>>> print(open('entry29.txt').read())   # compact mmCIF, C-alpha atoms
# COMPACT_ATOMS: atom_id res chain seq x y z
CA MET A 1 29.72 -86.96 38.85
CA THR A 2 26.46 -85.04 39.32
CA MET A 3 25.03 -83.61 36.14
CA PRO A 4 23.85 -79.96 36.16
CA ILE A 5 20.07 -79.69 36.02
CA THR A 6 18.12 -77.25 33.86
CA THR A 7 14.88 -75.52 34.84
CA ASP A 8 12.75 -78.23 33.19
CA GLY A 9 14.40 -81.03 35.14
CA THR A 10 16.65 -82.35 32.37
CA THR A 11 20.40 -82.56 32.47
CA THR A 12 22.66 -80.43 30.33
CA ALA A 13 24.73 -83.46 29.37
CA GLY A 14 23.08 -83.55 25.95
CA LEU A 15 24.13 -79.98 25.30
CA VAL A 16 27.86 -80.08 25.84
CA THR A 17 30.62 -82.25 27.31
CA THR A 18 33.03 -81.02 29.96
CA SER A 19 35.60 -83.79 29.81
CA THR A 20 39.00 -82.22 30.04
CA ALA A 21 40.52 -85.34 28.53
CA ARG A 22 39.26 -84.39 25.08
CA PRO A 23 41.45 -82.19 22.89
CA ILE A 24 40.79 -78.48 23.11
CA ASP A 25 39.80 -78.31 19.43
CA SER A 26 37.18 -81.00 19.99
CA GLN A 27 35.75 -79.06 22.93
CA ARG A 28 35.55 -75.91 20.85
CA ARG A 29 33.70 -77.72 18.07
CA ARG A 30 31.23 -79.07 20.59
CA ARG A 31 30.72 -75.65 22.14
CA ARG A 32 30.01 -74.09 18.78
CA GLY A 33 27.19 -76.59 18.41
CA THR A 34 25.48 -75.84 21.72
CA VAL A 35 23.39 -72.87 20.57
CA ILE A 36 20.88 -74.97 18.60
CA PRO A 37 20.30 -77.51 21.42
CA LEU A 38 19.87 -74.63 23.87
CA LEU A 39 17.36 -73.03 21.51
CA GLY A 40 15.50 -76.33 21.25
CA MET A 41 15.37 -76.62 25.03
CA GLU A 42 14.02 -73.08 25.37
CA LEU A 43 11.34 -73.73 22.74
CA ARG A 44 10.25 -76.85 24.64
CA LEU A 45 9.96 -74.75 27.78
CA ILE A 46 7.85 -72.19 25.89
CA ARG A 47 5.59 -74.98 24.66
CA ARG A 48 5.06 -76.16 28.24
CA GLU A 49 4.56 -72.62 29.55
CA PRO A 50 3.20 -70.59 26.60
CA MET A 51 2.23 -67.47 28.55
CA MET A 52 5.44 -65.68 27.52
CA PHE A 53 4.44 -65.93 23.86
CA VAL A 54 0.81 -65.07 24.64
CA GLY A 55 1.97 -61.98 26.54
CA LEU A 56 4.15 -60.95 23.61
CA VAL A 57 1.28 -61.14 21.14
CA ILE A 58 -1.92 -60.27 22.98
CA PHE A 59 -1.22 -56.59 23.82
CA PRO A 60 -0.02 -55.54 20.33
CA VAL A 61 -2.85 -57.43 18.61
CA ILE A 62 -5.60 -55.97 20.80
CA THR A 63 -4.17 -52.44 20.59
CA MET A 64 -3.74 -52.65 16.82
CA VAL A 65 -7.31 -53.85 16.27
CA ILE A 66 -8.71 -51.11 18.54
CA LEU A 67 -6.72 -48.33 16.86
CA GLN A 68 -7.55 -49.60 13.39
CA GLY A 69 -11.23 -49.67 14.35
CA VAL A 70 -11.09 -46.14 15.78
CA PHE A 71 -9.28 -44.45 12.89
CA GLY A 72 -10.71 -46.52 10.02
CA SER A 73 -9.34 -47.37 6.60
CA ILE A 74 -9.62 -44.05 4.74
CA PRO A 75 -6.26 -42.42 3.87
CA ASP A 76 -5.62 -39.59 6.31
CA PRO A 77 -3.15 -36.67 6.01
CA GLU A 78 -2.35 -37.01 9.71
CA PHE A 79 -1.07 -40.51 8.95
CA GLY A 80 1.16 -39.28 6.15
CA GLY A 81 -1.51 -39.99 3.56
CA MET A 82 -1.72 -43.65 4.57
CA ALA A 83 -4.82 -45.51 5.62
CA PRO A 84 -4.68 -45.92 9.43
CA THR A 85 -5.30 -49.66 9.05
CA ASP A 86 -2.19 -49.99 6.87
CA PHE A 87 -0.20 -47.60 9.07
CA TYR A 88 -0.75 -49.61 12.23
CA LEU A 89 -0.32 -53.00 10.61
CA ALA A 90 3.13 -52.10 9.30
CA SER A 91 4.06 -50.39 12.57
CA TYR A 92 3.01 -53.26 14.80
CA VAL A 93 5.25 -55.70 12.97
CA GLY A 94 8.03 -53.58 14.47
CA ILE A 95 6.26 -53.13 17.82
CA VAL A 96 6.48 -56.87 18.56
CA LEU A 97 10.26 -56.63 18.18
CA ALA A 98 10.39 -53.90 20.81
CA ALA A 99 8.11 -55.89 23.11
CA MET A 100 10.37 -58.92 22.79
CA GLY A 101 13.59 -56.97 23.29
CA LEU A 102 12.44 -54.73 26.15
CA MET A 103 9.83 -56.78 28.00
CA ILE A 104 10.34 -60.50 27.35
CA LEU A 105 13.98 -61.32 26.56
CA PRO A 106 15.69 -59.38 29.40
CA VAL A 107 13.30 -60.75 32.04
CA HIS A 108 13.76 -64.29 30.73
CA LEU A 109 17.55 -63.98 30.66
CA ALA A 110 17.73 -62.29 34.07
CA GLY A 111 15.47 -65.01 35.49
CA HIS A 112 17.91 -67.64 34.25
CA ARG A 113 20.79 -65.76 35.83
CA GLU A 114 18.96 -65.15 39.09
CA SER A 115 17.90 -68.80 39.49
CA GLY A 116 21.41 -70.09 38.81
CA VAL A 117 20.68 -71.63 35.41
CA LEU A 118 23.45 -69.63 33.73
CA ARG A 119 25.95 -70.82 36.34
CA ARG A 120 24.93 -74.43 35.75
CA PHE A 121 25.26 -73.96 32.01
CA GLN A 122 28.69 -72.41 32.51
CA ALA A 123 29.74 -75.33 34.73
CA ALA A 124 28.73 -77.66 31.89
CA GLY A 125 30.97 -75.79 29.46
CA VAL A 126 28.35 -73.48 27.94
CA SER A 127 29.68 -69.94 27.84
CA PRO A 128 27.50 -66.91 28.67
CA ALA A 129 27.96 -65.75 25.08
CA GLN A 130 26.44 -68.99 23.77
CA THR A 131 23.53 -68.65 26.17
CA VAL A 132 22.89 -65.08 25.02
CA LEU A 133 23.02 -66.20 21.37
CA ALA A 134 20.48 -68.93 22.10
CA GLU A 135 18.21 -66.42 23.85
CA ALA A 136 18.55 -64.02 20.90
CA ALA A 137 17.64 -66.85 18.51
CA LEU A 138 14.63 -67.63 20.70
CA ALA A 139 13.60 -63.97 20.52
CA LEU A 140 13.87 -64.03 16.72
CA VAL A 141 11.76 -67.18 16.39
CA LEU A 142 9.04 -65.84 18.70
CA SER A 143 9.10 -62.42 17.00
CA ILE A 144 8.59 -64.00 13.56
CA ALA A 145 5.66 -66.02 14.90
CA ALA A 146 4.16 -62.96 16.62
CA ALA A 147 4.56 -60.77 13.51
CA ALA A 148 2.91 -63.45 11.37
CA LEU A 149 -0.01 -63.59 13.81
CA ILE A 150 -0.38 -59.80 13.73
CA VAL A 151 -0.41 -59.76 9.92
CA ALA A 152 -2.94 -62.61 9.88
CA THR A 153 -5.15 -60.78 12.39
CA GLY A 154 -5.00 -57.56 10.38
CA ALA A 155 -5.77 -59.46 7.18
CA LEU A 156 -8.83 -61.12 8.68
CA ALA A 157 -10.11 -57.90 10.26
CA TYR A 158 -9.31 -55.25 7.64
CA GLY A 159 -7.36 -56.79 4.79
CA VAL A 160 -3.65 -56.43 4.08
CA LYS A 161 -2.03 -54.36 1.36
CA ALA A 162 0.71 -56.32 -0.40
CA PRO A 163 4.19 -54.96 0.41
CA GLU A 164 5.59 -52.73 -2.31
CA ASN A 165 9.12 -53.83 -1.42
CA PRO A 166 9.08 -57.29 0.23
CA ALA A 167 12.87 -57.42 0.46
CA GLY A 168 12.84 -54.08 2.24
CA VAL A 169 10.26 -55.34 4.73
CA VAL A 170 12.41 -58.38 5.49
CA GLY A 171 15.52 -56.21 5.73
CA TRP A 172 13.96 -53.78 8.21
CA PHE A 173 12.54 -56.68 10.21
CA VAL A 174 16.01 -58.23 10.48
CA VAL A 175 17.53 -54.88 11.48
CA GLY A 176 14.84 -54.44 14.14
CA ALA A 177 15.23 -58.00 15.41
CA CYS A 178 19.01 -57.60 15.76
CA CYS A 179 18.62 -54.21 17.43
CA PHE A 180 16.15 -55.30 20.10
CA ALA A 181 17.77 -58.70 20.64
CA ALA A 182 21.00 -56.86 21.44
CA ILE A 183 19.22 -54.37 23.71
CA GLY A 184 17.34 -57.17 25.46
CA GLY A 185 20.52 -59.17 25.96
CA ALA A 186 22.31 -56.16 27.43
CA LEU A 187 19.45 -55.44 29.83
CA GLY A 188 19.24 -59.09 30.84
CA LEU A 189 22.94 -59.26 31.65
CA LEU A 190 23.15 -55.94 33.51
CA ALA A 191 20.04 -55.78 35.70
CA PRO A 192 20.47 -57.55 39.07
CA THR A 193 17.08 -59.32 39.10
CA ALA A 194 14.23 -60.25 36.79
CA ARG A 195 11.93 -57.84 38.64
CA SER A 196 14.27 -54.92 38.10
CA ASP A 197 14.54 -55.88 34.43
CA GLN A 198 10.77 -55.90 34.19
CA ALA A 199 10.57 -52.43 35.73
CA ILE A 200 13.30 -51.02 33.49
CA GLY A 201 11.82 -52.65 30.39
CA THR A 202 8.37 -51.26 31.12
CA MET A 203 9.70 -47.73 31.68
CA VAL A 204 11.54 -47.85 28.35
CA TYR A 205 8.92 -49.73 26.34
CA LEU A 206 5.86 -47.60 27.06
CA PRO A 207 7.32 -44.25 25.85
CA ALA A 208 8.94 -46.00 22.89
CA PHE A 209 5.62 -47.65 22.04
CA LEU A 210 3.63 -44.41 22.21
CA LEU A 211 6.18 -42.20 20.43
CA GLY A 212 7.75 -44.76 18.10
CA GLY A 213 4.83 -45.77 15.90
CA GLY A 214 2.45 -47.67 18.16
CA GLY A 215 0.46 -44.70 19.45
CA PRO A 216 -0.87 -41.51 17.85
CA PRO A 217 0.39 -40.42 14.43
CA ARG A 218 3.36 -38.09 14.31
CA ALA A 219 1.29 -35.16 13.01
CA VAL A 220 -0.66 -34.80 16.27
CA MET A 221 2.43 -34.93 18.51
CA THR A 222 4.01 -31.82 19.98
CA GLY A 223 7.46 -30.72 18.87
CA PRO A 224 9.23 -32.16 21.96
CA MET A 225 7.40 -35.47 21.50
CA GLN A 226 8.54 -35.65 17.88
CA ALA A 227 12.11 -34.82 18.92
CA ILE A 228 12.12 -37.62 21.49
CA GLY A 229 10.59 -40.01 18.99
CA ASP A 230 13.27 -39.17 16.44
CA VAL A 231 16.04 -40.54 18.67
CA LEU A 232 14.25 -43.82 19.42
CA PRO A 233 15.42 -46.80 17.33
CA LEU A 234 11.83 -48.05 17.23
CA THR A 235 10.70 -44.93 15.34
CA HIS A 236 13.17 -45.59 12.54
CA ILE A 237 12.28 -49.29 12.43
CA THR A 238 8.52 -48.75 12.21
CA SER A 239 8.97 -45.94 9.67
CA GLY A 240 11.31 -48.15 7.64
CA LEU A 241 8.73 -50.94 7.64
CA GLN A 242 6.06 -48.46 6.53
CA GLN A 243 8.29 -47.13 3.75
CA ALA A 244 9.05 -50.62 2.44
CA TRP A 245 5.51 -51.91 2.85
CA LEU A 246 3.45 -48.88 1.81
CA GLY A 247 5.87 -46.78 -0.21
CA ARG A 248 5.70 -43.91 2.29
CA ALA A 249 6.47 -43.33 5.96
CA ASN A 250 5.20 -41.12 8.77
CA GLY A 251 8.58 -40.42 10.34
CA PRO A 252 12.36 -40.71 9.93
CA SER A 253 13.70 -44.05 8.72
CA ASN A 254 17.49 -43.88 9.00
CA VAL A 255 18.84 -47.43 9.17
CA TRP A 256 22.08 -46.24 10.78
CA TRP A 257 20.28 -45.23 13.95
CA PRO A 258 19.08 -48.73 14.95
CA LEU A 259 22.41 -50.14 13.77
CA LEU A 260 24.21 -47.72 16.11
CA ALA A 261 21.95 -48.81 18.98
CA THR A 262 22.75 -52.44 18.10
CA ALA A 263 26.49 -51.79 18.18
CA ILE A 264 26.31 -50.03 21.55
CA ALA A 265 24.16 -52.79 23.06
CA MET A 266 26.50 -55.48 21.70
CA LEU A 267 29.50 -53.70 23.21
CA ILE A 268 27.72 -53.65 26.57
CA MET A 269 26.96 -57.36 26.21
CA VAL A 270 30.57 -58.20 25.41
CA LEU A 271 31.79 -56.32 28.48
CA ALA A 272 29.14 -58.00 30.66
CA VAL A 273 30.05 -61.47 29.34
CA ARG A 274 33.77 -60.87 29.91
CA ARG A 275 33.03 -59.73 33.44
CA SER A 276 31.00 -62.88 34.13
CA GLU A 277 33.75 -65.10 32.71
CA ALA A 278 36.51 -63.37 34.70
>>> encode(input="entry29.txt", output="structure tokens")
Amino acid sequence: MTMPITTDGTTTAGLVTTSTARPIDSQRRRRRGTVIPLLGMELRLIRREPMMFVGLVIFPVITMVILQGVFGSIPDPEFGGMAPTDFYLASYVGIVLAAMGLMILPVHLAGHRESGVLRRFQAAGVSPAQTVLAEAALALVLSIAAAALIVATGALAYGVKAPENPAGVVGWFVVGACCFAAIGGALGLLAPTARSDQAIGTMVYLPAFLLGGGGPPRAVMTGPMQAIGDVLPLTHITSGLQQAWLGRANGPSNVWWPLLATAIAMLIMVLAVRRSEA
């Protein structure tokens, strides 16, 4: 019997067994354990081709350093009384989550689907849901690494203010990671090709980036810009990170808004997975 081949030339035999002679319960136990091996395989691929991680980090880091250099470190009323250096550091921890969920994850997942990798996984007994979970775990790991690099860069360049509420920072980071992992998974399962995912992700990411905490402060935006920013999950995530880190925020930080976006995206993913399994 010919073993399915992954994109790095290895077989998927080590991930899951497809023998129908085994009891159903045994197969289910094995399938529950496939997410971690899939994650390990994806991390090995990233190590061999690191440009995906470099692309995730390089734009936010460069933009953050430039904006911090332009606006300085003196507290400014236009930044809600925060120092611009602190404002952008806290915001860009959330920006990397949006970059992962809108630009990286959906293109990666759609590329797997387009090249037939998902079909080969499915033939080996790996369900689409397990593949999406592995991709979401990959997004979380890369986002943590990217956020750590951003904080380290900000610390070296301008210094870092210790978070006033570390648990709150972690909580908002987890909320943001879940939100954009779900959005990225939904986009990756719905768009027909990786190129279309890239186009859609770019169209969504750039306005969200500019209006959701990565661009100018809220005080210099027009009323319509502020209204659009208020409905973006990224705005609430970056403001929540600012509130937890600095004790104040420059915009709305309602946790229910990104949670609602997560629930909608997860519903879309469930429907897409059921359609692919039908």
>>> atom_distance(input="entry29.txt", atom1="CA of Ala263 in chain A", atom2="CA of Ala182 in chain A")
8.2 Å
>>> closest_residue(input="entry29.txt", among="A:Ile95, A:Met82, A:Ile36, A:Leu190", to="Leu210 in chain A", atoms="all atoms listed in the file")
A:Ile95
>>> residues_around(input="entry29.txt", residues="Gly80 in chain A", least_positions_apart="5", cutoff="12 Å", atoms="all atoms listed in the file", output="list in words")
Ile74, Pro75, Asp86, Phe87, Pro217, Arg218, Ala219, Val220, Ser239, Gln242, Gln243, Leu246, Gly247, Arg248, Ala249, Asn250, Gly251 and Pro252 of chain A
>>> closest_residue(input="entry29.txt", among="A:Leu241, A:Val57, A:Leu140, A:Ile200", to="Gly188 in chain A", atoms="all atoms listed in the file")
A:Ile200
>>> atom_distance(input="entry29.txt", atom1="CA of Val107 in chain A", atom2="CA of Ala199 in chain A")
9.5 Å
>>> closest_residue(input="entry29.txt", among="A:Val204, A:Ala265, A:Val35, A:Pro84", to="Phe121 in chain A", atoms="all atoms listed in the file")
A:Val35
>>> atom_distance(input="entry29.txt", atom1="CA of Gln122 in chain A", atom2="CA of Leu38 in chain A")
12.5 Å
>>> residues_around(input="entry29.txt", residues="Trp172 in chain A", least_positions_apart="6", cutoff="12 Å", atoms="only C-alpha atoms", output="PyMOL selection string")
chain A and resi 90-91+93-94+97+165-166+178-179+233-245+253-256+258-259
>>> closest_residue(input="entry29.txt", among="A:Gly154, A:Pro192, A:Gly184, A:Pro163", to="Gln68 in chain A", atoms="all atoms listed in the file")
A:Gly154
>>> build_atoms(input="entry29.txt", residues="range 117-152 of chain A", atoms="N, CA and C atoms", output="tab-separated table (two decimals), in the coordinates of the input")
chain	number	residue	atom	x	y	z
A	117	VAL	N	20.60	-70.82	36.62
A	117	VAL	CA	20.68	-71.63	35.41
A	117	VAL	C	21.93	-71.30	34.60
A	118	LEU	N	22.26	-70.01	34.49
A	118	LEU	CA	23.45	-69.63	33.73
A	118	LEU	C	24.72	-70.20	34.35
A	119	ARG	N	24.77	-70.23	35.68
A	119	ARG	CA	25.95	-70.82	36.34
A	119	ARG	C	26.05	-72.32	36.05
A	120	ARG	N	24.90	-73.00	36.03
A	120	ARG	CA	24.93	-74.43	35.75
A	120	ARG	C	25.32	-74.69	34.29
A	121	PHE	N	24.82	-73.85	33.40
A	121	PHE	CA	25.26	-73.96	32.01
A	121	PHE	C	26.77	-73.76	31.89
A	122	GLN	N	27.27	-72.72	32.58
A	122	GLN	CA	28.69	-72.41	32.51
A	122	GLN	C	29.52	-73.56	33.08
A	123	ALA	N	29.03	-74.19	34.16
A	123	ALA	CA	29.74	-75.33	34.73
A	123	ALA	C	29.77	-76.51	33.76
A	124	ALA	N	28.78	-76.59	32.88
A	124	ALA	CA	28.73	-77.66	31.89
A	124	ALA	C	29.50	-77.32	30.63
A	125	GLY	N	30.16	-76.17	30.61
A	125	GLY	CA	30.97	-75.79	29.46
A	125	GLY	C	30.28	-74.87	28.48
A	126	VAL	N	29.07	-74.41	28.81
A	126	VAL	CA	28.35	-73.48	27.94
A	126	VAL	C	28.69	-72.06	28.37
A	127	SER	N	29.27	-71.29	27.48
A	127	SER	CA	29.68	-69.94	27.84
A	127	SER	C	28.48	-69.01	27.91
A	128	PRO	N	28.59	-67.90	28.66
A	128	PRO	CA	27.50	-66.91	28.67
A	128	PRO	C	27.18	-66.38	27.28
A	129	ALA	N	28.21	-66.24	26.43
A	129	ALA	CA	27.96	-65.75	25.08
A	129	ALA	C	27.06	-66.70	24.30
A	130	GLN	N	27.29	-68.01	24.46
A	130	GLN	CA	26.44	-68.99	23.77
A	130	GLN	C	25.01	-68.93	24.29
A	131	THR	N	24.87	-68.75	25.60
A	131	THR	CA	23.53	-68.65	26.17
A	131	THR	C	22.80	-67.43	25.63
A	132	VAL	N	23.50	-66.30	25.54
A	132	VAL	CA	22.89	-65.08	25.02
A	132	VAL	C	22.50	-65.27	23.55
A	133	LEU	N	23.35	-65.93	22.77
A	133	LEU	CA	23.02	-66.20	21.37
A	133	LEU	C	21.77	-67.07	21.25
A	134	ALA	N	21.67	-68.07	22.12
A	134	ALA	CA	20.48	-68.93	22.10
A	134	ALA	C	19.23	-68.14	22.47
A	135	GLU	N	19.36	-67.25	23.46
A	135	GLU	CA	18.21	-66.42	23.85
A	135	GLU	C	17.83	-65.46	22.73
A	136	ALA	N	18.83	-64.91	22.03
A	136	ALA	CA	18.55	-64.02	20.90
A	136	ALA	C	17.86	-64.79	19.77
A	137	ALA	N	18.30	-66.02	19.53
A	137	ALA	CA	17.64	-66.85	18.51
A	137	ALA	C	16.20	-67.16	18.91
A	138	LEU	N	15.99	-67.42	20.20
A	138	LEU	CA	14.63	-67.63	20.70
A	138	LEU	C	13.77	-66.39	20.46
A	139	ALA	N	14.33	-65.22	20.74
A	139	ALA	CA	13.60	-63.97	20.52
A	139	ALA	C	13.23	-63.80	19.05
A	140	LEU	N	14.15	-64.16	18.15
A	140	LEU	CA	13.87	-64.03	16.72
A	140	LEU	C	12.74	-64.97	16.30
A	141	VAL	N	12.80	-66.21	16.76
A	141	VAL	CA	11.76	-67.18	16.39
A	141	VAL	C	10.38	-66.72	16.89
A	142	LEU	N	10.32	-66.28	18.14
A	142	LEU	CA	9.04	-65.84	18.70
A	142	LEU	C	8.55	-64.56	18.02
A	143	SER	N	9.49	-63.67	17.67
A	143	SER	CA	9.10	-62.42	17.00
A	143	SER	C	8.52	-62.69	15.61
A	144	ILE	N	9.12	-63.63	14.88
A	144	ILE	CA	8.59	-64.00	13.56
A	144	ILE	C	7.17	-64.56	13.70
A	145	ALA	N	6.99	-65.44	14.68
A	145	ALA	CA	5.66	-66.02	14.90
A	145	ALA	C	4.65	-64.94	15.30
A	146	ALA	N	5.07	-64.02	16.18
A	146	ALA	CA	4.16	-62.96	16.62
A	146	ALA	C	3.82	-62.02	15.47
A	147	ALA	N	4.82	-61.65	14.66
A	147	ALA	CA	4.56	-60.77	13.51
A	147	ALA	C	3.61	-61.43	12.52
A	148	ALA	N	3.80	-62.73	12.29
A	148	ALA	CA	2.91	-63.45	11.37
A	148	ALA	C	1.48	-63.45	11.90
A	149	LEU	N	1.33	-63.60	13.22
A	149	LEU	CA	-0.01	-63.59	13.81
A	149	LEU	C	-0.65	-62.22	13.70
A	150	ILE	N	0.15	-61.16	13.86
A	150	ILE	CA	-0.38	-59.80	13.73
A	150	ILE	C	-0.84	-59.54	12.30
A	151	VAL	N	-0.02	-59.95	11.33
A	151	VAL	CA	-0.41	-59.76	9.92
A	151	VAL	C	-1.68	-60.56	9.61
A	152	ALA	N	-1.75	-61.78	10.12
A	152	ALA	CA	-2.94	-62.61	9.88
A	152	ALA	C	-4.18	-61.98	10.51
